[in-house]
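Raw contents of run_34.pdb, PDB, C-alpha atoms:
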```pdb
MODEL        1
ATOM      1  CA  MET H   1      -0.892  -8.374  21.125
ATOM      2  CA  ALA H   2       0.341  -4.849  21.835
ATOM      3  CA  LYS H   3       3.235  -6.171  23.914
ATOM      4  CA  ARG H   4       4.769  -8.204  21.144
ATOM      5  CA  PRO H   5       8.118  -6.608  20.404
ATOM      6  CA  ILE H   6       7.685  -7.159  16.662
ATOM      7  CA  GLU H   7       4.850  -4.640  16.407
ATOM      8  CA  PRO H   8       7.015  -1.456  16.215
ATOM      9  CA  PHE H   9       9.084  -3.102  13.485
ATOM     10  CA  LEU H  10       5.928  -3.788  11.485
ATOM     11  CA  TRP H  11       4.909  -0.141  11.837
ATOM     12  CA  ILE H  12       8.311   0.915  10.463
ATOM     13  CA  LEU H  13       7.831  -1.334   7.442
ATOM     14  CA  PHE H  14       4.341   0.116   7.049
ATOM     15  CA  SER H  15       5.618   3.710   7.044
ATOM     16  CA  ALA H  16       8.560   3.030   4.749
ATOM     17  CA  GLY H  17       6.228   1.290   2.314
ATOM     18  CA  GLY H  18       3.737   4.130   2.570
ATOM     19  CA  VAL H  19       6.362   6.711   1.640
ATOM     20  CA  LEU H  20       7.845   4.705  -1.237
ATOM     21  CA  ALA H  21       4.419   3.749  -2.603
ATOM     22  CA  ALA H  22       3.196   7.353  -2.436
ATOM     23  CA  LEU H  23       6.290   8.705  -4.180
ATOM     24  CA  LEU H  24       6.751   6.135  -6.942
ATOM     25  CA  ILE H  25       3.646   4.059  -7.667
ATOM     26  CA  PRO H  26       1.380   6.829  -9.092
ATOM     27  CA  VAL H  27       3.786   7.799 -11.882
ATOM     28  CA  LEU H  28       4.682   4.178 -12.735
ATOM     29  CA  LEU H  29       1.044   3.119 -12.813
ATOM     30  CA  ALA H  30      -0.017   6.191 -14.808
ATOM     31  CA  LEU H  31       2.646   5.403 -17.424
ATOM     32  CA  PHE H  32       2.398   1.614 -17.728
ATOM     33  CA  GLY H  33      -1.247   1.202 -16.725
ATOM     34  CA  LEU H  34      -2.854   4.014 -18.728
ATOM     35  CA  ALA H  35      -0.603   6.277 -20.820
ATOM     36  CA  PHE H  36       1.155   3.530 -22.815
ATOM     37  CA  PRO H  37      -1.802   1.165 -23.400
ATOM     38  CA  LEU H  38      -4.083   4.068 -24.384
ATOM     39  CA  GLY H  39      -1.462   5.515 -26.711
ATOM     40  CA  TRP H  40      -1.225   8.886 -24.932
ATOM     41  CA  LEU H  41       2.541   8.404 -24.871
ATOM     42  CA  PRO H  42       4.688   6.111 -27.011
ATOM     43  CA  ALA H  43       5.588   2.937 -25.094
ATOM     44  CA  PRO H  44       9.358   2.525 -24.669
ATOM     45  CA  ASP H  45      10.847  -0.134 -26.908
ATOM     46  CA  HIS H  46      12.127  -3.375 -25.463
ATOM     47  CA  ALA H  47      15.835  -2.573 -25.709
ATOM     48  CA  HIS H  48      15.441   0.722 -23.854
ATOM     49  CA  LEU H  49      13.361  -0.863 -21.104
ATOM     50  CA  LEU H  50      15.862  -3.691 -20.736
ATOM     51  CA  ALA H  51      18.660  -1.147 -20.418
ATOM     52  CA  VAL H  52      16.760   0.814 -17.732
ATOM     53  CA  LEU H  53      15.672  -2.229 -15.717
ATOM     54  CA  GLY H  54      19.045  -3.895 -16.128
ATOM     55  CA  HIS H  55      20.849  -1.035 -14.404
ATOM     56  CA  PRO H  56      21.554  -1.800 -10.725
ATOM     57  CA  VAL H  57      19.974   1.400  -9.328
ATOM     58  CA  PRO H  58      16.451   0.979 -10.780
ATOM     59  CA  ARG H  59      16.662  -2.701  -9.873
ATOM     60  CA  VAL H  60      17.417  -1.981  -6.226
ATOM     61  CA  VAL H  61      14.829   0.832  -6.097
ATOM     62  CA  LEU H  62      12.175  -1.475  -7.557
ATOM     63  CA  PHE H  63      13.088  -4.201  -5.083
ATOM     64  CA  LEU H  64      12.793  -1.835  -2.119
ATOM     65  CA  LEU H  65       9.578  -0.387  -3.528
ATOM     66  CA  GLY H  66       8.094  -3.856  -3.966
ATOM     67  CA  THR H  67       9.152  -5.222  -0.602
ATOM     68  CA  PHE H  68       8.165  -2.251   1.549
ATOM     69  CA  SER H  69       4.939  -1.677  -0.379
ATOM     70  CA  LEU H  70       3.903  -5.285   0.156
ATOM     71  CA  PHE H  71       4.528  -5.019   3.902
ATOM     72  CA  HIS H  72       2.631  -1.720   3.832
ATOM     73  CA  TRP H  73      -0.281  -3.601   2.252
ATOM     74  CA  ALA H  74       0.004  -6.438   4.761
ATOM     75  CA  HIS H  75      -0.150  -4.147   7.768
ATOM     76  CA  ARG H  76      -2.913  -1.905   6.491
ATOM     77  CA  PHE H  77      -5.058  -4.681   5.086
ATOM     78  CA  ARG H  78      -4.780  -6.573   8.360
ATOM     79  CA  TYR H  79      -6.205  -3.581  10.216
ATOM     80  CA  ALA H  80      -8.820  -2.981   7.524
ATOM     81  CA  LEU H  81     -10.148  -6.468   8.217
ATOM     82  CA  TYR H  82      -9.872  -5.949  11.972
ATOM     83  CA  ASP H  83     -11.428  -2.478  12.273
ATOM     84  CA  GLY H  84     -13.355  -2.134   9.037
ATOM     85  CA  LEU H  85     -15.025  -5.508   8.753
ATOM     86  CA  GLN H  86     -14.793  -6.298  12.496
ATOM     87  CA  ILE H  87     -13.181  -9.686  11.931
ATOM     88  CA  LYS H  88     -11.651 -10.223  15.343
ATOM     89  CA  HIS H  89     -11.636 -13.993  15.714
ATOM     90  CA  LEU H  90      -9.324 -14.953  12.828
ATOM     91  CA  ASN H  91      -6.225 -12.984  13.843
ATOM     92  CA  GLU H  92      -3.744 -15.837  13.349
ATOM     93  CA  LEU H  93      -5.058 -16.704   9.914
ATOM     94  CA  ILE H  94      -5.173 -13.067   8.779
ATOM     95  CA  ASN H  95      -1.648 -12.363  10.036
ATOM     96  CA  LEU H  96      -0.348 -15.458   8.272
ATOM     97  CA  PHE H  97      -2.090 -14.468   5.038
ATOM     98  CA  CYS H  98      -0.947 -10.825   5.136
ATOM     99  CA  TYR H  99       2.661 -11.051   6.351
ATOM    100  CA  GLY H 100       3.209 -14.455   4.738
ATOM    101  CA  GLY H 101       1.933 -13.061   1.450
ATOM    102  CA  ALA H 102       4.230 -10.047   1.764
ATOM    103  CA  MET H 103       7.226 -12.315   2.448
ATOM    104  CA  ILE H 104       6.484 -14.577  -0.515
ATOM    105  CA  GLY H 105       5.898 -11.530  -2.715
ATOM    106  CA  SER H 106       9.193  -9.981  -1.617
ATOM    107  CA  ALA H 107      11.062 -13.190  -2.374
ATOM    108  CA  ALA H 108       9.404 -13.338  -5.798
ATOM    109  CA  ALA H 109      10.314  -9.690  -6.435
ATOM    110  CA  GLY H 110      13.933 -10.355  -5.510
ATOM    111  CA  TYR H 111      14.119 -13.388  -7.784
ATOM    112  CA  LEU H 112      12.394 -11.695 -10.749
ATOM    113  CA  LEU H 113      14.531  -8.563 -10.511
ATOM    114  CA  TRP H 114      17.689 -10.617 -10.066
ATOM    115  CA  GLN H 115      17.182 -12.610 -13.253
ATOM    116  CA  ILE H 116      16.746  -9.646 -15.611
ATOM    117  CA  PRO H 117      19.398 -10.283 -18.246
TER     118      PRO H 117
ATOM    119  CA  MET Q   1     -15.832  -6.301  56.036
ATOM    120  CA  SER Q   2     -19.358  -6.777  54.854
ATOM    121  CA  GLU Q   3     -20.749 -10.079  53.743
ATOM    122  CA  PRO Q   4     -19.779 -11.218  50.256
ATOM    123  CA  PRO Q   5     -22.602 -10.662  47.761
ATOM    124  CA  ALA Q   6     -25.090 -13.434  47.705
ATOM    125  CA  TYR Q   7     -25.076 -15.897  44.832
ATOM    126  CA  ARG Q   8     -27.513 -14.975  42.122
ATOM    127  CA  GLU Q   9     -28.463 -17.133  39.227
ATOM    128  CA  PHE Q  10     -28.677 -14.338  36.672
ATOM    129  CA  HIS Q  11     -25.966 -11.749  36.361
ATOM    130  CA  PRO Q  12     -26.765  -8.378  34.868
ATOM    131  CA  ARG Q  13     -26.506  -8.059  31.131
ATOM    132  CA  TRP Q  14     -23.166  -6.693  29.849
ATOM    133  CA  TYR Q  15     -23.309  -3.363  28.094
ATOM    134  CA  ARG Q  16     -21.885  -4.409  24.773
ATOM    135  CA  PRO Q  17     -23.406  -2.514  21.865
ATOM    136  CA  ARG Q  18     -23.281  -4.398  18.568
ATOM    137  CA  MET Q  19     -21.194  -2.638  15.982
ATOM    138  CA  SER Q  20     -22.487  -2.893  12.455
ATOM    139  CA  THR Q  21     -20.066  -4.195   9.822
ATOM    140  CA  TRP Q  22     -20.946  -1.117   7.809
ATOM    141  CA  TRP Q  23     -20.324   1.453  10.567
ATOM    142  CA  TRP Q  24     -17.947   3.410   8.352
ATOM    143  CA  LEU Q  25     -20.661   4.310   5.821
ATOM    144  CA  LYS Q  26     -22.403   6.690   8.201
ATOM    145  CA  ARG Q  27     -19.823   9.455   8.258
ATOM    146  CA  GLY Q  28     -17.648  10.990   5.589
ATOM    147  CA  SER Q  29     -14.494  10.940   7.687
ATOM    148  CA  HIS Q  30     -15.009   7.267   8.572
ATOM    149  CA  LEU Q  31     -15.559   6.432   4.915
ATOM    150  CA  ALA Q  32     -12.341   8.268   4.011
ATOM    151  CA  PHE Q  33     -10.521   6.230   6.673
ATOM    152  CA  ILE Q  34     -11.736   2.940   5.212
ATOM    153  CA  LEU Q  35     -11.020   4.045   1.630
ATOM    154  CA  ARG Q  36      -7.497   4.870   2.755
ATOM    155  CA  GLU Q  37      -7.171   1.409   4.284
ATOM    156  CA  LEU Q  38      -8.502  -0.145   1.075
ATOM    157  CA  SER Q  39      -5.937   1.769  -0.981
ATOM    158  CA  SER Q  40      -3.412  -0.782   0.305
ATOM    159  CA  ILE Q  41      -5.035  -3.464  -1.872
ATOM    160  CA  PHE Q  42      -4.310  -1.369  -4.952
ATOM    161  CA  VAL Q  43      -0.761  -0.699  -3.774
ATOM    162  CA  ALA Q  44      -0.281  -4.478  -3.641
ATOM    163  CA  TRP Q  45      -1.853  -4.932  -7.094
ATOM    164  CA  SER Q  46       0.504  -2.273  -8.493
ATOM    165  CA  VAL Q  47       3.505  -4.216  -7.200
ATOM    166  CA  VAL Q  48       2.181  -7.405  -8.824
ATOM    167  CA  PHE Q  49       1.580  -5.476 -12.053
ATOM    168  CA  PHE Q  50       5.144  -4.097 -12.098
ATOM    169  CA  LEU Q  51       6.557  -7.554 -11.425
ATOM    170  CA  LEU Q  52       4.580  -8.902 -14.389
ATOM    171  CA  LEU Q  53       6.116  -6.116 -16.486
ATOM    172  CA  VAL Q  54       9.614  -7.025 -15.252
ATOM    173  CA  THR Q  55       8.989 -10.689 -16.071
ATOM    174  CA  ALA Q  56       7.783  -9.852 -19.578
ATOM    175  CA  VAL Q  57      10.783  -7.623 -20.255
ATOM    176  CA  SER Q  58      13.180 -10.340 -19.032
ATOM    177  CA  ARG Q  59      11.580 -12.937 -21.274
ATOM    178  CA  GLY Q  60      12.178 -10.949 -24.426
ATOM    179  CA  GLU Q  61      10.618  -8.758 -27.046
ATOM    180  CA  ASP Q  62       7.616 -10.971 -27.849
ATOM    181  CA  ALA Q  63       6.643 -11.356 -24.212
ATOM    182  CA  TYR Q  64       6.902  -7.580 -23.777
ATOM    183  CA  ARG Q  65       4.631  -6.998 -26.790
ATOM    184  CA  ASP Q  66       2.115  -9.494 -25.356
ATOM    185  CA  PHE Q  67       2.255  -7.650 -22.041
ATOM    186  CA  LEU Q  68       1.550  -4.316 -23.751
ATOM    187  CA  SER Q  69      -1.491  -5.697 -25.575
ATOM    188  CA  TRP Q  70      -2.682  -7.351 -22.339
ATOM    189  CA  THR Q  71      -2.533  -3.971 -20.558
ATOM    190  CA  GLY Q  72      -4.750  -2.585 -23.327
ATOM    191  CA  SER Q  73      -7.587  -5.022 -22.588
ATOM    192  CA  PRO Q  74     -10.643  -3.311 -21.042
ATOM    193  CA  GLY Q  75     -10.604  -5.217 -17.733
ATOM    194  CA  ILE Q  76      -6.968  -4.458 -16.981
ATOM    195  CA  LEU Q  77      -7.378  -0.833 -18.083
ATOM    196  CA  LEU Q  78     -10.323  -0.410 -15.737
ATOM    197  CA  LEU Q  79      -8.482  -2.090 -12.862
ATOM    198  CA  ASN Q  80      -5.477   0.176 -13.404
ATOM    199  CA  LEU Q  81      -7.688   3.274 -13.616
ATOM    200  CA  VAL Q  82      -9.312   2.420 -10.276
ATOM    201  CA  SER Q  83      -5.885   1.557  -8.829
ATOM    202  CA  LEU Q  84      -4.467   4.902  -9.954
ATOM    203  CA  PHE Q  85      -7.312   6.714  -8.207
ATOM    204  CA  PHE Q  86      -6.650   4.849  -4.948
ATOM    205  CA  VAL Q  87      -2.874   5.175  -5.169
ATOM    206  CA  VAL Q  88      -3.107   8.938  -5.712
ATOM    207  CA  PHE Q  89      -5.592   9.114  -2.822
ATOM    208  CA  HIS Q  90      -3.058   7.253  -0.692
ATOM    209  CA  ALA Q  91      -0.258   9.603  -1.753
ATOM    210  CA  VAL Q  92      -2.231  12.797  -1.079
ATOM    211  CA  THR Q  93      -3.516  11.669   2.325
ATOM    212  CA  TRP Q  94      -0.055  10.357   3.214
ATOM    213  CA  PHE Q  95       1.704  13.637   2.375
ATOM    214  CA  ASN Q  96      -0.977  15.687   4.129
ATOM    215  CA  LEU Q  97      -0.433  13.595   7.233
ATOM    216  CA  ALA Q  98       3.357  13.872   7.125
ATOM    217  CA  PRO Q  99       3.528  17.082   9.231
ATOM    218  CA  GLN Q 100       1.750  15.280  12.077
ATOM    219  CA  ALA Q 101       4.122  12.318  11.904
ATOM    220  CA  MET Q 102       7.378  14.235  11.426
ATOM    221  CA  VAL Q 103       8.652  16.852  13.828
ATOM    222  CA  VAL Q 104      11.604  18.555  12.197
ATOM    223  CA  ARG Q 105      13.607  21.110  14.120
ATOM    224  CA  VAL Q 106      16.084  23.543  12.636
ATOM    225  CA  ARG Q 107      18.209  25.392  15.215
ATOM    226  CA  GLY Q 108      15.793  24.433  17.947
ATOM    227  CA  LYS Q 109      12.746  25.806  16.142
ATOM    228  CA  ARG Q 110      10.043  23.554  14.832
ATOM    229  CA  VAL Q 111       9.637  23.664  11.056
ATOM    230  CA  PRO Q 112       6.000  24.607  10.199
ATOM    231  CA  GLY Q 113       3.791  21.708   9.046
ATOM    232  CA  ALA Q 114       2.981  23.361   5.730
ATOM    233  CA  TRP Q 115       6.666  23.329   4.828
ATOM    234  CA  ILE Q 116       6.969  19.623   5.549
ATOM    235  CA  ALA Q 117       3.906  18.826   3.424
ATOM    236  CA  ALA Q 118       5.210  21.105   0.662
ATOM    237  CA  SER Q 119       8.610  19.406   0.654
ATOM    238  CA  ASN Q 120       6.880  16.029   0.371
ATOM    239  CA  TYR Q 121       4.888  17.231  -2.612
ATOM    240  CA  ALA Q 122       8.035  18.674  -4.172
ATOM    241  CA  ALA Q 123       9.818  15.325  -3.775
ATOM    242  CA  TRP Q 124       6.794  13.619  -5.327
ATOM    243  CA  ALA Q 125       6.837  15.925  -8.361
ATOM    244  CA  LEU Q 126      10.594  15.625  -8.762
ATOM    245  CA  LEU Q 127      10.671  11.834  -8.557
ATOM    246  CA  SER Q 128       7.685  11.504 -10.894
ATOM    247  CA  ALA Q 129       9.429  13.670 -13.476
ATOM    248  CA  LEU Q 130      12.630  11.658 -13.055
ATOM    249  CA  VAL Q 131      10.842   8.320 -13.527
ATOM    250  CA  ALA Q 132       8.949   9.592 -16.588
ATOM    251  CA  TRP Q 133      12.180  10.921 -18.100
ATOM    252  CA  LEU Q 134      13.935   7.609 -17.415
ATOM    253  CA  PHE Q 135      11.313   5.568 -19.283
ATOM    254  CA  LEU Q 136      10.402   8.047 -22.029
ATOM    255  CA  GLY Q 137      13.728   9.466 -23.066
ATOM    256  CA  GLY Q 138      16.618   8.870 -20.702
TER     257      GLY Q 138
ENDMDL
END
```

Represent the structure from my file as C-alpha cells, please.
Amino acid sequence: MAKRPIEPFLWILFSAGGVLAALLIPVLLALFGLAFPLGWLPAPDHAHLLAVLGHPVPRVVLFLLGTFSLFHWAHRFRYALYDGLQIKHLNELINLFCYGGAMIGSAAAGYLLWQIP
Amino acid sequence: MSEPPAYREFHPRWYRPRMSTWWWLKRGSHLAFILRELSSIFVAWSVVFFLLLVTAVSRGEDAYRDFLSWTGSPGILLLNLVSLFFVVFHAVTWFNLAPQAMVVRVRGKRVPGAWIAASNYAAWALLSALVAWLFLGG
C-alpha cells in the first residue's frame, strides 16, 4: 500500500483541500447556514447572488474549493475508518467509496457551477 | 549447524493484543485526533450544501427563496451549527499545525513557527472579511 506511487498525490490533494476548507468554509457556512436563515444578517437578494456567482473568479474558486475539499474528505475519512474504527479488511470498498465519491462530487460541482446563467 | 527444530503440533500463541474500537475515548489527545478526522465529514457536507445553494440560485428566484426557507428548518439549522463547530475546529487545528508542516526560510534563517501560524490566521481573517463583503455588500 505504501509503495503505490499515487499515495503522495493523494496527500497533496488532502493538504490543498485542508487549506482551502479551513480558509473559506467557516465564513460561507456561518453566513448561509446560520446568519441568513436566523435573520442575524439580511440574506442577499437573488440578483446580487447571481451576479456574484456568475463572475468567473468566484466560480473557479468555488470549483477548486469543492474539488479539493471533497478529496480532503475522502482521504481523511478513509483513515478515520482505518485507524478510528479499525476497519482493515474492506480497504478496496472504502477506497472506492471515498475517492469515487470525491470524483463524482467534483464532476457534479463542475457541471453545476458551469451552468449558472 | 544444529539440527532444525523438531516439529511441534502447537505453535506458541502470537502476541496480538486486541484493540478496542473505542480506543480513542480513553485519552483527550486521542479524542481530539478522531474529532479532527470526523471534521472531514462536515467539510464534505458543507460542499454539498454550497452546491445546493448554487443549484437553487441557477434555477431562479423561487428556487432560491425555497432554499432559504429550507435552511431555516430546525434540522438543517442544527446540522449546520454542528458543521460550523467542526469546520472551525478543523481550521484552528490546521493553522496551529502549519508551522510543523511548513519550513519557511528567509535569507537562510528559519521563520519562527508563531509567525507562520499568525500569517495563516491573518489570511483566514482577511479572506473571511472579503467573502462576507462580497455577499453582503460588494

* Take the ChimeraX specification (/Q :<9) & /H, apply it to the structure above, and return the hits as an MDAnalysis selection string. => chainID H and resid 18:19 21:34 36:38 41:50 52:53 62 65:67 69:77 79:80 83:86 102 105 108:109 112:113 115:117

Selection from above, C-alpha atoms, as an mmCIF file, in the coordinates of the input, can you write it?
```cif
data_model
loop_
_atom_site.group_PDB
_atom_site.id
_atom_site.type_symbol
_atom_site.label_atom_id
_atom_site.label_comp_id
_atom_site.auth_asym_id
_atom_site.auth_seq_id
_atom_site.Cartn_x
_atom_site.Cartn_y
_atom_site.Cartn_z
ATOM 1 C CA GLY H 18 3.737 4.130 2.570
ATOM 2 C CA VAL H 19 6.362 6.711 1.640
ATOM 3 C CA ALA H 21 4.419 3.749 -2.603
ATOM 4 C CA ALA H 22 3.196 7.353 -2.436
ATOM 5 C CA LEU H 23 6.290 8.705 -4.180
ATOM 6 C CA LEU H 24 6.751 6.135 -6.942
ATOM 7 C CA ILE H 25 3.646 4.059 -7.667
ATOM 8 C CA PRO H 26 1.380 6.829 -9.092
ATOM 9 C CA VAL H 27 3.786 7.799 -11.882
ATOM 10 C CA LEU H 28 4.682 4.178 -12.735
ATOM 11 C CA LEU H 29 1.044 3.119 -12.813
ATOM 12 C CA ALA H 30 -0.017 6.191 -14.808
ATOM 13 C CA LEU H 31 2.646 5.403 -17.424
ATOM 14 C CA PHE H 32 2.398 1.614 -17.728
ATOM 15 C CA GLY H 33 -1.247 1.202 -16.725
ATOM 16 C CA LEU H 34 -2.854 4.014 -18.728
ATOM 17 C CA PHE H 36 1.155 3.530 -22.815
ATOM 18 C CA PRO H 37 -1.802 1.165 -23.400
ATOM 19 C CA LEU H 38 -4.083 4.068 -24.384
ATOM 20 C CA LEU H 41 2.541 8.404 -24.871
ATOM 21 C CA PRO H 42 4.688 6.111 -27.011
ATOM 22 C CA ALA H 43 5.588 2.937 -25.094
ATOM 23 C CA PRO H 44 9.358 2.525 -24.669
ATOM 24 C CA ASP H 45 10.847 -0.134 -26.908
ATOM 25 C CA HIS H 46 12.127 -3.375 -25.463
ATOM 26 C CA ALA H 47 15.835 -2.573 -25.709
ATOM 27 C CA HIS H 48 15.441 0.722 -23.854
ATOM 28 C CA LEU H 49 13.361 -0.863 -21.104
ATOM 29 C CA LEU H 50 15.862 -3.691 -20.736
ATOM 30 C CA VAL H 52 16.760 0.814 -17.732
ATOM 31 C CA LEU H 53 15.672 -2.229 -15.717
ATOM 32 C CA LEU H 62 12.175 -1.475 -7.557
ATOM 33 C CA LEU H 65 9.578 -0.387 -3.528
ATOM 34 C CA GLY H 66 8.094 -3.856 -3.966
ATOM 35 C CA THR H 67 9.152 -5.222 -0.602
ATOM 36 C CA SER H 69 4.939 -1.677 -0.379
ATOM 37 C CA LEU H 70 3.903 -5.285 0.156
ATOM 38 C CA PHE H 71 4.528 -5.019 3.902
ATOM 39 C CA HIS H 72 2.631 -1.720 3.832
ATOM 40 C CA TRP H 73 -0.281 -3.601 2.252
ATOM 41 C CA ALA H 74 0.004 -6.438 4.761
ATOM 42 C CA HIS H 75 -0.150 -4.147 7.768
ATOM 43 C CA ARG H 76 -2.913 -1.905 6.491
ATOM 44 C CA PHE H 77 -5.058 -4.681 5.086
ATOM 45 C CA TYR H 79 -6.205 -3.581 10.216
ATOM 46 C CA ALA H 80 -8.820 -2.981 7.524
ATOM 47 C CA ASP H 83 -11.428 -2.478 12.273
ATOM 48 C CA GLY H 84 -13.355 -2.134 9.037
ATOM 49 C CA LEU H 85 -15.025 -5.508 8.753
ATOM 50 C CA GLN H 86 -14.793 -6.298 12.496
ATOM 51 C CA ALA H 102 4.230 -10.047 1.764
ATOM 52 C CA GLY H 105 5.898 -11.530 -2.715
ATOM 53 C CA ALA H 108 9.404 -13.338 -5.798
ATOM 54 C CA ALA H 109 10.314 -9.690 -6.435
ATOM 55 C CA LEU H 112 12.394 -11.695 -10.749
ATOM 56 C CA LEU H 113 14.531 -8.563 -10.511
ATOM 57 C CA GLN H 115 17.182 -12.610 -13.253
ATOM 58 C CA ILE H 116 16.746 -9.646 -15.611
ATOM 59 C CA PRO H 117 19.398 -10.283 -18.246
#
```

From CA of Gly17 in chain H to CA of Met102 in chain Q the spacing works out at 15.9 Å

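Of note, CA of Pro99 in chain Q and CA of Ala117 in chain Q are spaced 6.1 Å apart.
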
Mind giving me the straight-line distance from CA of Val61 in chain H to CA of Ile104 in chain H in Å, one decimal?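 Taking CA of Val61 in chain H and CA of Ile104 in chain H, their separation equals 18.4 Å.
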